[in-house]
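To be precise, the following lines are query10.txt, and they hold compact mmCIF, N, CA and C atoms and all ligand atoms.
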# COMPACT_ATOMS: atom_id res chain seq x y z
N MET M 72 0.85 -1.17 0.00
CA MET M 72 0.00 0.00 0.00
C MET M 72 0.90 1.24 0.00
N SER M 73 0.52 2.24 -0.84
CA SER M 73 1.28 3.47 -0.95
C SER M 73 0.97 4.40 0.21
N VAL M 74 2.05 5.05 0.78
CA VAL M 74 1.82 5.96 1.90
C VAL M 74 1.70 7.41 1.45
N PHE M 75 2.03 7.70 0.20
CA PHE M 75 1.83 9.07 -0.32
C PHE M 75 1.43 8.99 -1.78
N THR M 76 0.86 10.10 -2.27
CA THR M 76 0.48 10.15 -3.69
C THR M 76 1.27 11.25 -4.38
N LEU M 77 1.59 11.04 -5.62
CA LEU M 77 2.31 12.05 -6.40
C LEU M 77 1.39 13.20 -6.75
N PRO M 78 1.86 14.44 -6.65
CA PRO M 78 1.03 15.56 -7.08
C PRO M 78 0.80 15.50 -8.58
N THR M 79 -0.32 15.96 -8.99
CA THR M 79 -0.65 15.92 -10.42
C THR M 79 -0.98 17.33 -10.92
N ASN M 80 -0.27 18.30 -10.41
CA ASN M 80 -0.59 19.66 -10.85
C ASN M 80 -0.02 19.95 -12.24
N GLU M 81 -0.32 21.13 -12.74
CA GLU M 81 0.06 21.52 -14.10
C GLU M 81 1.57 21.48 -14.33
N LEU M 82 2.32 21.89 -13.32
CA LEU M 82 3.77 21.98 -13.50
C LEU M 82 4.38 20.61 -13.78
N LEU M 83 3.91 19.62 -13.11
CA LEU M 83 4.51 18.30 -13.29
C LEU M 83 3.98 17.57 -14.51
N THR M 84 2.79 17.91 -14.92
CA THR M 84 2.22 17.18 -16.06
C THR M 84 2.37 17.94 -17.37
N GLY M 85 2.83 19.22 -17.32
CA GLY M 85 2.97 20.00 -18.54
C GLY M 85 4.10 19.47 -19.41
N THR M 86 4.11 19.87 -20.66
CA THR M 86 5.17 19.42 -21.56
C THR M 86 6.33 20.41 -21.49
N ILE M 87 7.50 19.91 -21.71
CA ILE M 87 8.70 20.76 -21.70
C ILE M 87 8.93 21.28 -23.11
N ALA M 88 9.10 22.57 -23.20
CA ALA M 88 9.34 23.15 -24.52
C ALA M 88 10.66 22.63 -25.07
N THR M 89 10.62 22.13 -26.26
CA THR M 89 11.84 21.59 -26.86
C THR M 89 12.37 22.48 -27.98
N GLU M 90 11.61 23.50 -28.35
CA GLU M 90 12.10 24.38 -29.42
C GLU M 90 12.75 25.61 -28.81
N MET M 91 13.87 26.05 -29.39
CA MET M 91 14.55 27.26 -28.93
C MET M 91 13.76 28.48 -29.37
N PRO M 92 13.73 29.52 -28.54
CA PRO M 92 13.07 30.75 -28.99
C PRO M 92 13.84 31.32 -30.18
N PRO M 93 13.20 32.18 -30.94
CA PRO M 93 13.90 32.76 -32.10
C PRO M 93 15.16 33.49 -31.65
N GLN M 94 16.26 33.30 -32.37
CA GLN M 94 17.55 33.93 -32.04
C GLN M 94 17.80 35.10 -32.99
N PRO M 95 18.48 36.14 -32.50
CA PRO M 95 18.84 37.22 -33.42
C PRO M 95 19.82 36.70 -34.47
N PRO M 96 19.86 37.36 -35.61
CA PRO M 96 20.81 36.90 -36.64
C PRO M 96 22.25 37.04 -36.15
N ALA M 97 23.09 36.12 -36.56
CA ALA M 97 24.49 36.17 -36.14
C ALA M 97 25.15 37.43 -36.69
N ALA M 98 25.99 38.05 -35.84
CA ALA M 98 26.71 39.24 -36.28
C ALA M 98 27.73 38.87 -37.35
N ALA M 99 27.91 39.81 -38.26
CA ALA M 99 28.92 39.57 -39.31
C ALA M 99 30.30 39.57 -38.67
N PRO M 100 31.20 38.75 -39.14
CA PRO M 100 32.54 38.74 -38.57
C PRO M 100 33.23 40.08 -38.84
N PRO M 101 34.08 40.53 -37.91
CA PRO M 101 34.75 41.81 -38.14
C PRO M 101 35.65 41.72 -39.37
N PRO M 102 35.80 42.84 -40.08
CA PRO M 102 36.68 42.79 -41.25
C PRO M 102 38.12 42.56 -40.80
N ALA M 103 38.82 41.81 -41.55
CA ALA M 103 40.23 41.56 -41.24
C ALA M 103 41.07 42.73 -41.75
N ILE M 104 41.76 43.39 -40.83
CA ILE M 104 42.62 44.51 -41.22
C ILE M 104 44.06 44.07 -40.95
N PRO M 105 44.79 43.80 -41.98
CA PRO M 105 46.17 43.35 -41.74
C PRO M 105 47.02 44.47 -41.14
N ILE M 106 47.78 44.13 -40.14
CA ILE M 106 48.69 45.08 -39.49
C ILE M 106 50.09 44.47 -39.57
N GLY M 107 51.01 45.22 -40.11
CA GLY M 107 52.37 44.73 -40.23
C GLY M 107 53.00 44.50 -38.86
N LYS M 108 53.93 43.59 -38.79
CA LYS M 108 54.56 43.27 -37.50
C LYS M 108 55.28 44.47 -36.93
N LYS M 109 55.95 45.23 -37.79
CA LYS M 109 56.69 46.41 -37.31
C LYS M 109 55.72 47.40 -36.65
N GLU M 110 54.60 47.68 -37.31
CA GLU M 110 53.63 48.63 -36.76
C GLU M 110 53.02 48.08 -35.47
N ALA M 111 52.71 46.80 -35.48
CA ALA M 111 52.12 46.20 -34.29
C ALA M 111 53.10 46.24 -33.11
N ASP M 112 54.35 45.94 -33.37
CA ASP M 112 55.36 45.98 -32.30
C ASP M 112 55.53 47.39 -31.76
N GLU M 113 55.58 48.36 -32.68
CA GLU M 113 55.75 49.75 -32.23
C GLU M 113 54.54 50.20 -31.41
N ALA M 114 53.35 49.84 -31.88
CA ALA M 114 52.14 50.21 -31.14
C ALA M 114 52.16 49.62 -29.74
N MET M 115 52.56 48.38 -29.63
CA MET M 115 52.60 47.73 -28.32
C MET M 115 53.68 48.35 -27.44
N ASP M 116 54.79 48.75 -28.04
CA ASP M 116 55.84 49.42 -27.25
C ASP M 116 55.31 50.73 -26.66
N TYR M 117 54.64 51.52 -27.48
CA TYR M 117 54.09 52.78 -26.96
C TYR M 117 52.98 52.51 -25.94
N ALA M 118 52.23 51.46 -26.19
CA ALA M 118 51.11 51.13 -25.29
C ALA M 118 51.60 50.61 -23.94
N SER M 119 52.89 50.35 -23.82
CA SER M 119 53.39 49.82 -22.54
C SER M 119 53.53 50.91 -21.47
N CYS M 120 53.28 52.17 -21.84
CA CYS M 120 53.29 53.26 -20.84
C CYS M 120 52.32 52.92 -19.71
N ILE M 121 52.81 53.04 -18.48
CA ILE M 121 51.98 52.70 -17.32
C ILE M 121 51.47 53.95 -16.58
N SER M 122 51.65 55.10 -17.21
CA SER M 122 51.14 56.36 -16.64
C SER M 122 51.71 56.63 -15.25
N CYS M 123 52.97 56.31 -15.06
CA CYS M 123 53.56 56.46 -13.72
C CYS M 123 53.94 57.90 -13.40
N GLY M 124 54.20 58.70 -14.45
CA GLY M 124 54.56 60.10 -14.24
C GLY M 124 56.03 60.34 -13.99
N ALA M 125 56.86 59.31 -14.09
CA ALA M 125 58.30 59.50 -13.89
C ALA M 125 58.89 60.47 -14.91
N CYS M 126 58.33 60.46 -16.11
CA CYS M 126 58.82 61.37 -17.16
C CYS M 126 58.56 62.82 -16.77
N VAL M 127 57.41 63.08 -16.23
CA VAL M 127 57.06 64.45 -15.81
C VAL M 127 57.97 64.88 -14.66
N ALA M 128 58.18 63.98 -13.72
CA ALA M 128 59.02 64.31 -12.56
C ALA M 128 60.46 64.56 -12.97
N ALA M 129 60.93 63.88 -14.00
CA ALA M 129 62.32 64.04 -14.42
C ALA M 129 62.53 65.26 -15.30
N CYS M 130 61.47 65.76 -15.88
CA CYS M 130 61.60 66.86 -16.85
C CYS M 130 61.80 68.19 -16.14
N PRO M 131 62.83 68.99 -16.52
CA PRO M 131 63.02 70.30 -15.90
C PRO M 131 61.85 71.25 -16.14
N ASN M 132 61.07 70.99 -17.18
CA ASN M 132 59.91 71.83 -17.50
C ASN M 132 58.60 71.23 -16.98
N ALA M 133 58.68 70.09 -16.32
CA ALA M 133 57.47 69.36 -15.88
C ALA M 133 56.53 69.14 -17.05
N ALA M 134 57.09 68.78 -18.18
CA ALA M 134 56.28 68.50 -19.37
C ALA M 134 55.75 67.08 -19.30
N ALA M 135 54.58 66.90 -19.86
CA ALA M 135 53.97 65.56 -19.89
C ALA M 135 53.90 65.05 -21.33
N MET M 136 54.84 65.51 -22.12
CA MET M 136 54.74 65.20 -23.55
C MET M 136 55.15 63.77 -23.88
N LEU M 137 56.01 63.16 -23.10
CA LEU M 137 56.35 61.77 -23.38
C LEU M 137 55.14 60.88 -23.09
N PHE M 138 54.53 61.12 -21.96
CA PHE M 138 53.33 60.36 -21.58
C PHE M 138 52.22 60.55 -22.62
N THR M 139 51.94 61.81 -22.96
CA THR M 139 50.87 62.09 -23.92
C THR M 139 51.24 61.54 -25.30
N GLY M 140 52.50 61.68 -25.65
CA GLY M 140 52.96 61.16 -26.94
C GLY M 140 52.80 59.65 -27.03
N ALA M 141 53.08 58.95 -25.94
CA ALA M 141 52.93 57.49 -25.95
C ALA M 141 51.48 57.11 -26.17
N LYS M 142 50.58 57.84 -25.53
CA LYS M 142 49.15 57.52 -25.69
C LYS M 142 48.69 57.80 -27.12
N VAL M 143 49.16 58.90 -27.68
CA VAL M 143 48.78 59.23 -29.06
C VAL M 143 49.42 58.25 -30.03
N ALA M 144 50.70 57.98 -29.83
CA ALA M 144 51.46 57.18 -30.80
C ALA M 144 50.95 55.75 -30.90
N HIS M 145 50.55 55.17 -29.81
CA HIS M 145 50.16 53.76 -29.90
C HIS M 145 48.89 53.59 -30.72
N LEU M 146 48.03 54.60 -30.73
CA LEU M 146 46.82 54.50 -31.55
C LEU M 146 47.08 54.90 -33.00
N VAL M 147 48.02 55.81 -33.20
CA VAL M 147 48.35 56.23 -34.57
C VAL M 147 48.89 55.05 -35.37
N LYS M 148 49.54 54.15 -34.70
CA LYS M 148 50.17 53.01 -35.38
C LYS M 148 49.16 51.95 -35.82
N LEU M 149 47.94 52.03 -35.32
CA LEU M 149 46.96 50.98 -35.61
C LEU M 149 45.79 51.55 -36.40
N PRO M 150 45.19 50.73 -37.27
CA PRO M 150 44.03 51.22 -38.03
C PRO M 150 42.88 51.64 -37.14
N GLN M 151 42.77 51.00 -35.98
CA GLN M 151 41.68 51.37 -35.07
C GLN M 151 41.81 52.81 -34.60
N GLY M 152 43.03 53.34 -34.62
CA GLY M 152 43.26 54.70 -34.17
C GLY M 152 42.85 55.77 -35.16
N GLU M 153 42.45 55.37 -36.37
CA GLU M 153 42.03 56.35 -37.37
C GLU M 153 40.75 57.08 -36.95
N VAL M 154 39.94 56.37 -36.18
CA VAL M 154 38.69 56.99 -35.71
C VAL M 154 39.04 58.12 -34.74
N GLU M 155 38.58 59.31 -35.02
CA GLU M 155 38.79 60.49 -34.17
C GLU M 155 40.28 60.82 -33.99
N ARG M 156 41.09 60.48 -34.96
CA ARG M 156 42.54 60.67 -34.84
C ARG M 156 42.91 62.13 -34.56
N GLY M 157 42.37 63.05 -35.37
CA GLY M 157 42.71 64.46 -35.20
C GLY M 157 42.14 65.05 -33.93
N GLY M 158 40.88 64.77 -33.69
CA GLY M 158 40.23 65.30 -32.49
C GLY M 158 40.88 64.79 -31.22
N ARG M 159 41.31 63.55 -31.26
CA ARG M 159 41.94 62.96 -30.06
C ARG M 159 43.21 63.71 -29.68
N VAL M 160 44.08 63.94 -30.65
CA VAL M 160 45.35 64.60 -30.31
C VAL M 160 45.11 66.05 -29.90
N ARG M 161 44.17 66.71 -30.57
CA ARG M 161 43.89 68.11 -30.18
C ARG M 161 43.35 68.16 -28.75
N ASN M 162 42.46 67.26 -28.43
CA ASN M 162 41.88 67.24 -27.08
C ASN M 162 42.93 66.89 -26.03
N MET M 163 43.81 65.97 -26.36
CA MET M 163 44.82 65.57 -25.38
C MET M 163 45.81 66.71 -25.12
N VAL M 164 46.19 67.40 -26.18
CA VAL M 164 47.12 68.53 -26.00
C VAL M 164 46.41 69.66 -25.24
N ALA M 165 45.15 69.90 -25.55
CA ALA M 165 44.40 70.95 -24.85
C ALA M 165 44.30 70.62 -23.36
N GLN M 166 44.07 69.33 -23.04
CA GLN M 166 43.96 68.94 -21.63
C GLN M 166 45.32 69.05 -20.94
N MET M 167 46.37 68.70 -21.67
CA MET M 167 47.72 68.81 -21.11
C MET M 167 48.01 70.27 -20.76
N ASP M 168 47.62 71.16 -21.63
CA ASP M 168 47.81 72.59 -21.37
C ASP M 168 46.93 73.05 -20.21
N ALA M 169 45.69 72.60 -20.19
CA ALA M 169 44.77 73.01 -19.14
C ALA M 169 45.25 72.57 -17.76
N GLU M 170 45.95 71.43 -17.72
CA GLU M 170 46.46 70.92 -16.44
C GLU M 170 47.73 71.65 -15.99
N GLY M 171 48.28 72.48 -16.86
CA GLY M 171 49.43 73.29 -16.48
C GLY M 171 50.79 72.62 -16.65
N PHE M 172 50.87 71.58 -17.44
CA PHE M 172 52.17 70.97 -17.70
C PHE M 172 53.01 71.89 -18.57
N GLY M 173 54.32 71.74 -18.45
CA GLY M 173 55.22 72.56 -19.24
C GLY M 173 55.35 72.05 -20.66
N ARG M 174 56.22 72.72 -21.41
CA ARG M 174 56.47 72.35 -22.81
C ARG M 174 57.85 71.73 -22.94
N CYS M 175 57.95 70.79 -23.82
CA CYS M 175 59.22 70.10 -24.07
C CYS M 175 60.22 71.05 -24.72
N THR M 176 61.43 71.07 -24.17
CA THR M 176 62.52 71.81 -24.81
C THR M 176 63.69 70.85 -25.10
N ASN M 177 63.37 69.62 -25.36
CA ASN M 177 64.33 68.61 -25.85
C ASN M 177 65.45 68.26 -24.88
N HIS M 178 65.17 68.24 -23.59
CA HIS M 178 66.19 67.79 -22.64
C HIS M 178 66.41 66.28 -22.75
N GLY M 179 65.34 65.55 -22.95
CA GLY M 179 65.44 64.09 -23.08
C GLY M 179 65.49 63.34 -21.76
N GLU M 180 65.32 64.07 -20.65
CA GLU M 180 65.35 63.40 -19.34
C GLU M 180 64.18 62.42 -19.19
N CYS M 181 63.09 62.72 -19.85
CA CYS M 181 61.88 61.90 -19.71
C CYS M 181 62.12 60.47 -20.15
N SER M 182 62.63 60.31 -21.35
CA SER M 182 62.80 58.93 -21.85
C SER M 182 63.91 58.21 -21.11
N GLU M 183 64.87 58.98 -20.55
CA GLU M 183 65.91 58.36 -19.72
C GLU M 183 65.31 57.80 -18.43
N ALA M 184 64.32 58.52 -17.90
CA ALA M 184 63.73 58.12 -16.62
C ALA M 184 62.62 57.09 -16.77
N CYS M 185 62.14 56.91 -17.97
CA CYS M 185 60.95 56.06 -18.18
C CYS M 185 61.26 54.59 -17.89
N PRO M 186 60.52 53.98 -16.98
CA PRO M 186 60.76 52.56 -16.67
C PRO M 186 60.34 51.63 -17.80
N LYS M 187 59.52 52.11 -18.71
CA LYS M 187 59.07 51.28 -19.84
C LYS M 187 59.84 51.60 -21.12
N GLU M 188 60.83 52.45 -21.00
CA GLU M 188 61.71 52.79 -22.13
C GLU M 188 60.93 53.34 -23.33
N ILE M 189 59.95 54.19 -23.02
CA ILE M 189 59.24 54.88 -24.11
C ILE M 189 60.25 55.81 -24.77
N PRO M 190 60.43 55.69 -26.08
CA PRO M 190 61.46 56.50 -26.74
C PRO M 190 61.02 57.96 -26.90
N PHE M 191 62.03 58.82 -27.02
CA PHE M 191 61.77 60.24 -27.23
C PHE M 191 60.96 60.48 -28.51
N ASP M 192 61.00 59.52 -29.43
CA ASP M 192 60.21 59.61 -30.66
C ASP M 192 58.73 59.83 -30.39
N ALA M 193 58.26 59.43 -29.22
CA ALA M 193 56.84 59.63 -28.89
C ALA M 193 56.50 61.12 -28.92
N ILE M 194 57.46 61.95 -28.50
CA ILE M 194 57.22 63.41 -28.52
C ILE M 194 57.23 63.92 -29.95
N VAL M 195 58.12 63.38 -30.75
CA VAL M 195 58.15 63.74 -32.18
C VAL M 195 56.80 63.38 -32.81
N MET M 196 56.33 62.20 -32.49
CA MET M 196 55.04 61.73 -33.02
C MET M 196 53.90 62.63 -32.55
N LEU M 197 53.92 63.01 -31.28
CA LEU M 197 52.88 63.88 -30.74
C LEU M 197 52.86 65.21 -31.49
N ASN M 198 54.05 65.81 -31.68
CA ASN M 198 54.12 67.09 -32.39
C ASN M 198 53.64 66.95 -33.83
N ARG M 199 54.05 65.87 -34.47
CA ARG M 199 53.66 65.67 -35.86
C ARG M 199 52.14 65.47 -35.98
N GLU M 200 51.59 64.68 -35.08
CA GLU M 200 50.14 64.44 -35.12
C GLU M 200 49.36 65.71 -34.82
N PHE M 201 49.88 66.51 -33.89
CA PHE M 201 49.18 67.75 -33.55
C PHE M 201 49.22 68.71 -34.74
N MET M 202 50.37 68.79 -35.41
CA MET M 202 50.48 69.65 -36.59
C MET M 202 49.55 69.17 -37.69
N ARG M 203 49.53 67.88 -37.89
CA ARG M 203 48.66 67.29 -38.93
C ARG M 203 47.20 67.64 -38.66
N ALA M 204 46.79 67.44 -37.39
CA ALA M 204 45.39 67.70 -37.04
C ALA M 204 45.07 69.18 -37.15
N SER M 205 46.03 70.03 -36.79
CA SER M 205 45.78 71.47 -36.81
C SER M 205 45.72 72.01 -38.24
N VAL M 206 46.66 71.54 -39.08
CA VAL M 206 46.73 72.04 -40.46
C VAL M 206 45.59 71.47 -41.30
N LEU M 207 45.39 70.16 -41.17
CA LEU M 207 44.38 69.53 -42.00
C LEU M 207 42.98 69.66 -41.41
N GLY M 208 42.91 69.98 -40.13
CA GLY M 208 41.60 70.15 -39.49
C GLY M 208 40.80 68.86 -39.46
N LYS M 209 41.49 67.73 -39.45
CA LYS M 209 40.78 66.44 -39.49
C LYS M 209 40.32 66.02 -38.12
N GLU M 210 39.21 65.29 -38.14
CA GLU M 210 38.70 64.75 -36.86
C GLU M 210 39.35 63.46 -36.54
S1 LIG Y 1 57.73 57.60 -17.44
FE1 LIG Y 1 57.22 56.29 -19.22
S2 LIG Y 1 55.72 54.83 -18.39
FE2 LIG Y 1 55.81 56.52 -16.94
S3 LIG Y 1 54.16 57.94 -17.62
FE3 LIG Y 1 56.07 58.62 -18.59
S4 LIG Y 1 56.04 57.63 -20.62
FE4 LIG Y 1 54.56 56.52 -19.32

Just dump the structure as structure tokens.
Amino acid sequence: MSVFTLPTNELLTGTIATEMPPQPPAAAPPPAIPIGKKEADEAMDYASCISCGACVAACPNAAAMLFTGAKVAHLVKLPQGEVERGGRVRNMVAQMDAEGFGRCTNHGECSEACPKEIPFDAIVMLNREFMRASVLGKE
């Protein structure tokens, strides 16, 4: 003789849905943009800046151009950086000025002090990008 009975409510006797709900269409794969090894390596080198500020502390002018240059340069080297390229460098230089940092006068103490060995070329790149954006007026 059974001492209990199984419940027979709707939940236990209902059918289990076996069909998946409609799914959104699969996203198209991103376009493949080939990046040369040299450009990729340079971009990664500039991207290694850890924002420590040692360059600013070492600079007699308290310039932040090595730091800012590293941020600008690593994106300039990659196709992804083309978006807002001009506006980005103009905004970064404007913010650097607004924060009261000095201007580079080519002492080179910054790259000597940098623990990530960001080269002085980052400042050259920053100046070139700023000139490009200013002259061409590109976004
Ligand atoms: S010292 Fe080098 S790692 Fe540090 S903020 Fe300056 S550029 Fe970046």

Original post:
Residues at most 8 Å from ligand LIG 1 (chain Y), using only C-alpha atoms and all ligand atoms? Could they come as a PyMOL selection string?
Top reply: chain M and resi 119-127+135+137-141+181-182+184-189

Subject >> Interatomic distance, atom CA of M:Arg156 to atom C of M:Arg174 (Å, one decimal) >> reply: 22.3 Å

Subject >> Those in chain M with helix (DSSP H, G or I) from DSSP, as a ChimeraX atom specification >> reply: /M:81-84,108-118,125-129,136-147,150-153,156-169,180-184,192-207

Original post:
Of the candidates M:Ala134, M:Glu200, M:His145, M:Gln151, which one gets nearest to M:Asp168 if we count only C-alpha atoms?
Top reply: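 Of the candidates, the smallest distance to M:Asp168 is held by M:Ala134.
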
**OP:** Tell me, as a PyMOL selection string, which residues lie within 8 Å of stretch 163-166 of chain M, counting only C-alpha atoms; anything in the same chain fewer than 3 positions away does not count.
**Re:** chain M and resi 139+159-160+169-170+201

Selected residues written out with N, CA and C atoms, as a PDB file, keeping the file's coordinate frame:
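This went into selection.pdb:
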ATOM      1  N   THR M 139      51.940  61.810 -22.960  1.00  0.00           N
ATOM      2  CA  THR M 139      50.870  62.090 -23.920  1.00  0.00           C
ATOM      3  C   THR M 139      51.240  61.540 -25.300  1.00  0.00           C
ATOM      4  N   ARG M 159      41.310  63.550 -31.260  1.00  0.00           N
ATOM      5  CA  ARG M 159      41.940  62.960 -30.060  1.00  0.00           C
ATOM      6  C   ARG M 159      43.210  63.710 -29.680  1.00  0.00           C
ATOM      7  N   VAL M 160      44.080  63.940 -30.650  1.00  0.00           N
ATOM      8  CA  VAL M 160      45.350  64.600 -30.310  1.00  0.00           C
ATOM      9  C   VAL M 160      45.110  66.050 -29.900  1.00  0.00           C
ATOM     10  N   ALA M 169      45.690  72.600 -20.190  1.00  0.00           N
ATOM     11  CA  ALA M 169      44.770  73.010 -19.140  1.00  0.00           C
ATOM     12  C   ALA M 169      45.250  72.570 -17.760  1.00  0.00           C
ATOM     13  N   GLU M 170      45.950  71.430 -17.720  1.00  0.00           N
ATOM     14  CA  GLU M 170      46.460  70.920 -16.440  1.00  0.00           C
ATOM     15  C   GLU M 170      47.730  71.650 -15.990  1.00  0.00           C
ATOM     16  N   PHE M 201      49.880  66.510 -33.890  1.00  0.00           N
ATOM     17  CA  PHE M 201      49.180  67.750 -33.550  1.00  0.00           C
ATOM     18  C   PHE M 201      49.220  68.710 -34.740  1.00  0.00           C
TER      19      PHE M 201
END

Original post:
When distances are computed from only C-alpha atoms, which of M:Ala98, M:Lys142, M:Ala193, M:Asn132 shows the smallest separation from M:Gly171?
Top reply: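 Going through M:Ala98, M:Lys142, M:Ala193, M:Asn132 one by one, the smallest distance to M:Gly171 is for M:Asn132.
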
Build an axis-aligned box that encloses every atom of stretch 174-193 of chain M listed in the file, pad it by 8 Å on each side, and report its centre and edge lengths in Å to one decimal, as AutoDock Vina command-line options.
--center_x 61.3 --center_y 62.0 --center_z -23.6 --size_x 26.2 --size_y 37.4 --size_z 30.0

Original post:
Which one of M:Leu146, M:Ala204, M:Ala129, M:Met167 sits closest to M:Met115 if you count only N, CA and C atoms?
Top reply: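 Among M:Leu146, M:Ala204, M:Ala129, M:Met167, it is M:Leu146 that comes nearest to M:Met115.
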
Subject >> Between atom CA of M:Lys109 and atom N of M:Thr176, distance in Å (one decimal) >> reply: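 That distance, rounded to one decimal, is 28.3 Å.
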
Original post:
How far is it from atom N of M:Pro131 to atom C of M:Met196, in Å with one decimal?
Top reply: 19.4 Å

Subject >> Minimum-distance residue to M:Asp192, chosen among M:Gly158, M:Glu153, M:Ala144, M:Gly208 (using all atoms listed in the file) >> reply: M:Ala144

**OP:** Counting all atoms listed in the file, figure out which residue out of M:His178, M:Val206, M:Asn162, M:Pro150 gets nearest to M:Pro105.
**Re:**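 Of the candidates, the smallest distance to M:Pro105 is held by M:Pro150.
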
Subject >> Shortest interatomic distance to M:Arg203 - which of M:Met91, M:Met136, M:Val147, M:Ile104, counting only C-alpha atoms >> reply: M:Val147
